[in-house]
Amino acid sequence: MTFRLRAARALVLLVGFYLMGAALLMAMAVLDWLLVTRLLTARAAWLEGMVLTVTVLLAAAILRGMLVFSRAGRLAPVPHAVAVTPQDQPELWEQVRAAAEMTGERPPNELYLTAEVNAGVAEQSRLLGLLPGRRRMILGLPLLAGLTVPQLRAVLIHEFGHYANLDTRLGSLTMRGRRAVLHTVEVFSRGSTPLHHTIGALYLGYARMFLRTSQSVARHQELAADQMAARFAGRDETADALRALPVLDAAHTHYQQTYAEMGAPLGALPPVGEVHGGFLRLLAARPGEHLTVLTAGQRPARPHPYDSHPPIAERIALIEKLPAHERVGGSADAPTSITLLRGPGQVFAVLDTRTLPHEATRLRRMSWDDLVMARALLDAEGWSRPLRLAVARTLRSKAQGSDPTAPALLGAPAENDDAALPGLEEVLDAFDRGLLWTAIAERMPKPSQAARLVGPSARNFIRPKVFDGLAGMVHLRLARAGLATPDIAWSGRPGLALPEEWEKAMDDALDAAVADTPDTVPLRALLAGSDRIAV
């Protein structure tokens with residue numbers, strides 16, 4: 001079946017999607033008319049009344065579905081984005097308008113900048129997408145930060161290519177209809193009453209049939225949009241943009257989890273404009289292959305059953321088969337698209353206010369160095385506390401066993417008082433007494449399934465936790481002595497920068513301290529050297 005025939009079939013089903021409701025309403029109206037005028041009897045009045053009530057309720061559900069269809073093409077508010085006008089960002093708008101002109105499409109009426117690695121064009125359509133309307137473009141600031149200007153041009157042309165007359169206008173109408181149908185499916189999936197579910201099941205079944213039927217049309221449109229981008233923006237630029245998308249997405253997720261949310265346990269935020277703007281720092285510190293490392297070992301996200309996008313690898317392979325065009329703008333050494341923005345710092349600051357919850361306005365702002373130091377100390381305390389508690393309980397138990405008066409002297413463990421817990425030297429002394437694997441390890445927290453482990457298996461399970469506990473105590477000691485400094489490590493992971501001798505020998509010293517036969521001498525030697533430096 002040719003593309004035109006597939007698109008025409010999908011369009012017929014799209015029209016039927018709307019007419020189905022009208023047909024159901026007409027059928028129920030005829031049934032109600034027959035009941036009232038021809039079939040109404042005194043004996044069965046209660047049954048007929050119940051039928052009339054049910055049909056009225058069903059009609060209400062159908063009308064709701066038709067209302068959802070008619071409203072599916074409306075543009076919803078975009079509260080978590082920054083609206084920019086041609087006066088605000090003329091250079092960015094110039095790129096957008098140029099891409100629209102290349103595809104023969106009209107430019108958007110609105111342009112919003114978001115905090116996501118995404119780009120798209122939405123349209124205020126009517127009649128399930130049959131009639132076009134006002135257009136809105138969404139551009140993610142992380143996308144601008146990671147793509148060069150030629151690569152961004154390829155993305156823009158691709159997005160406008162969805163609406164362009166690639167093979168037949170029916171294809172773009174089908175794409176609009178799919179968006180409307182998907183919106184309707186989402187609304188009916190949130191149904192709350194049995195009648196809503198009954199009618200919703202009918203609509204959902206028809207919707208799935210339409211989406212399956214139009215799937216090949218939608219995928220054809222995606223590939224045709226890729227070809228248009230390659231034709232006008234350049235084959236290599238388009239392929240490079242597609243390769244960059246999953247890398248940028250993984251890098252942005254890493255940034256959000258590792259840096260932007262670093263202050264959450266502290267009740268703190270990065271500096272103004274840096275909640276999202278700090279992503280620029282990460283990209284600057286991780287060029288090329290260093291950024292690609294963040295995608296290593298990651299499985300691609302499971303696609304939506306009705307996703308119109310073919311796999312990226314397949315799209316790139318098809319693009320690379322196209323003839324090479326003269327390079328439009330030297331993609332490799334071109335500036336990033338963030339340079340198109342005027343006052344990017346201010347734009348990121350405004351985006352902070354749009355995306356952060358209202359409660360976040362009361363949180364304190366901290367510099368990146370202060371944030372890293374505070375979080376590192378908090379993490380170190382969290383790592384060390386289980387070990388210190390286990391040592392405290394072990395020492396108390398030993399004292400109680402050797403001195404009957406000890407319970408009255410020691411009392412209950414002051415588990416909420418860090419000052420009452422043993423320090424690093426006391427912990428090492430306990431290790432030297434041979435208590436680590438005979439008593440302390442038993443008091444370390446562990447999941448129930450690990451409680452059955454004995455011997456070497458139990459030691460190997462608990463050893464990393466003891467190692468982390470000692471490492472946390474060392475970090476606290478060095479930080480309080482002024483020997484550890486914050487390291488934002490945009491090219492790695494944020495934490496503390498330790499003195500050179502600690503960076504070289506700390507892991508080996510800790511391994512020796514938590515060995516089957518603990519040896520604390522190397523760790524004590526490092527501590528002694530640090531104490532001399534601090535003095």
# chains A, B, ... in the order shown; residues from 1 in each chain; ligands from 1
call {"tool": "select_by_dssp", "arguments": {"residues": "stretch 308-457 of chain A", "states": "helix (DSSP H, G or I)", "output": "ChimeraX atom specification"}}
result
/A:312-320,331-333,337-340,344-355,358-362,368-402,406-410,418-420,424-432,436-443,448-450,455-457
call {"tool": "closest_residue", "arguments": {"among": "A:Trp437, A:Leu496, A:Leu245, A:Leu478", "to": "A:Ala528", "atoms": "only C-alpha atoms"}}
result
A:Leu478
call {"tool": "select_by_dssp", "arguments": {"residues": "stretch 275-496 of chain A", "states": "strand (DSSP E or B)", "output": "list in words"}}
result
Thr336, Arg364, Arg365, Thr485, Pro486, Asp487, Gly495 and Leu496 of chain A
call {"tool": "atom_distance", "arguments": {"atom1": "atom CA of A:His80", "atom2": "atom CA of A:Pro344"}}
result
16.9 Å
call {"tool": "atom_distance", "arguments": {"atom1": "atom CA of A:Met50", "atom2": "atom CA of A:Ala22"}}
result
22.5 Å
call {"tool": "decode", "arguments": {"residues": "stretch 270-285 of chain A", "atoms": "N, CA, C and O atoms", "output": "PDB file, in the first residue's frame"}}
result
ATOM      1  N   PRO A 270      21.718  25.675  44.705  1.00  0.00           N
ATOM      2  CA  PRO A 270      22.884  26.310  44.080  1.00  0.00           C
ATOM      3  C   PRO A 270      22.647  27.810  43.898  1.00  0.00           C
ATOM      4  O   PRO A 270      21.547  28.315  44.140  1.00  0.00           O
ATOM      5  N   PRO A 271      23.652  28.554  43.469  1.00  0.00           N
ATOM      6  CA  PRO A 271      23.481  30.002  43.272  1.00  0.00           C
ATOM      7  C   PRO A 271      22.355  30.313  42.296  1.00  0.00           C
ATOM      8  O   PRO A 271      21.914  29.462  41.515  1.00  0.00           O
ATOM      9  N   VAL A 272      21.881  31.536  42.320  1.00  0.00           N
ATOM     10  CA  VAL A 272      20.798  31.974  41.444  1.00  0.00           C
ATOM     11  C   VAL A 272      21.205  31.746  39.988  1.00  0.00           C
ATOM     12  O   VAL A 272      22.305  32.118  39.560  1.00  0.00           O
ATOM     13  N   GLY A 273      20.312  31.125  39.230  1.00  0.00           N
ATOM     14  CA  GLY A 273      20.573  30.852  37.828  1.00  0.00           C
ATOM     15  C   GLY A 273      21.401  29.610  37.571  1.00  0.00           C
ATOM     16  O   GLY A 273      21.636  29.246  36.410  1.00  0.00           O
ATOM     17  N   GLU A 274      21.846  28.932  38.647  1.00  0.00           N
ATOM     18  CA  GLU A 274      22.726  27.768  38.491  1.00  0.00           C
ATOM     19  C   GLU A 274      21.998  26.443  38.672  1.00  0.00           C
ATOM     20  O   GLU A 274      22.607  25.392  38.464  1.00  0.00           O
ATOM     21  N   VAL A 275      20.752  26.462  39.090  1.00  0.00           N
ATOM     22  CA  VAL A 275      20.016  25.203  39.222  1.00  0.00           C
ATOM     23  C   VAL A 275      19.987  24.490  37.878  1.00  0.00           C
ATOM     24  O   VAL A 275      20.190  23.277  37.790  1.00  0.00           O
ATOM     25  N   HIS A 276      19.721  25.236  36.827  1.00  0.00           N
ATOM     26  CA  HIS A 276      19.773  24.681  35.475  1.00  0.00           C
ATOM     27  C   HIS A 276      21.008  25.174  34.722  1.00  0.00           C
ATOM     28  O   HIS A 276      21.544  24.463  33.885  1.00  0.00           O
ATOM     29  N   GLY A 277      21.467  26.373  35.045  1.00  0.00           N
ATOM     30  CA  GLY A 277      22.604  26.954  34.327  1.00  0.00           C
ATOM     31  C   GLY A 277      23.918  26.260  34.616  1.00  0.00           C
ATOM     32  O   GLY A 277      24.856  26.344  33.811  1.00  0.00           O
ATOM     33  N   GLY A 278      24.014  25.548  35.746  1.00  0.00           N
ATOM     34  CA  GLY A 278      25.245  24.825  36.033  1.00  0.00           C
ATOM     35  C   GLY A 278      25.545  23.738  35.020  1.00  0.00           C
ATOM     36  O   GLY A 278      26.690  23.267  34.931  1.00  0.00           O
ATOM     37  N   PHE A 279      24.537  23.346  34.245  1.00  0.00           N
ATOM     38  CA  PHE A 279      24.761  22.339  33.199  1.00  0.00           C
ATOM     39  C   PHE A 279      25.799  22.822  32.196  1.00  0.00           C
ATOM     40  O   PHE A 279      26.534  22.013  31.616  1.00  0.00           O
ATOM     41  N   LEU A 280      25.876  24.125  31.985  1.00  0.00           N
ATOM     42  CA  LEU A 280      26.883  24.675  31.077  1.00  0.00           C
ATOM     43  C   LEU A 280      28.289  24.370  31.581  1.00  0.00           C
ATOM     44  O   LEU A 280      29.200  24.107  30.793  1.00  0.00           O
ATOM     45  N   ARG A 281      28.476  24.424  32.904  1.00  0.00           N
ATOM     46  CA  ARG A 281      29.788  24.142  33.482  1.00  0.00           C
ATOM     47  C   ARG A 281      30.174  22.673  33.262  1.00  0.00           C
ATOM     48  O   ARG A 281      31.324  22.369  32.969  1.00  0.00           O
ATOM     49  N   LEU A 282      29.208  21.784  33.421  1.00  0.00           N
ATOM     50  CA  LEU A 282      29.497  20.366  33.212  1.00  0.00           C
ATOM     51  C   LEU A 282      29.880  20.102  31.762  1.00  0.00           C
ATOM     52  O   LEU A 282      30.831  19.359  31.486  1.00  0.00           O
ATOM     53  N   LEU A 283      29.154  20.706  30.821  1.00  0.00           N
ATOM     54  CA  LEU A 283      29.465  20.491  29.406  1.00  0.00           C
ATOM     55  C   LEU A 283      30.837  21.044  29.061  1.00  0.00           C
ATOM     56  O   LEU A 283      31.579  20.448  28.268  1.00  0.00           O
ATOM     57  N   ALA A 284      31.191  22.183  29.652  1.00  0.00           N
ATOM     58  CA  ALA A 284      32.503  22.777  29.367  1.00  0.00           C
ATOM     59  C   ALA A 284      33.636  21.901  29.890  1.00  0.00           C
ATOM     60  O   ALA A 284      34.728  21.860  29.308  1.00  0.00           O
ATOM     61  N   ALA A 285      33.390  21.184  30.998  1.00  0.00           N
ATOM     62  CA  ALA A 285      34.437  20.351  31.598  1.00  0.00           C
ATOM     63  C   ALA A 285      34.486  18.952  31.007  1.00  0.00           C
ATOM     64  O   ALA A 285      35.432  18.205  31.283  1.00  0.00           O
TER      65      ALA A 285
END
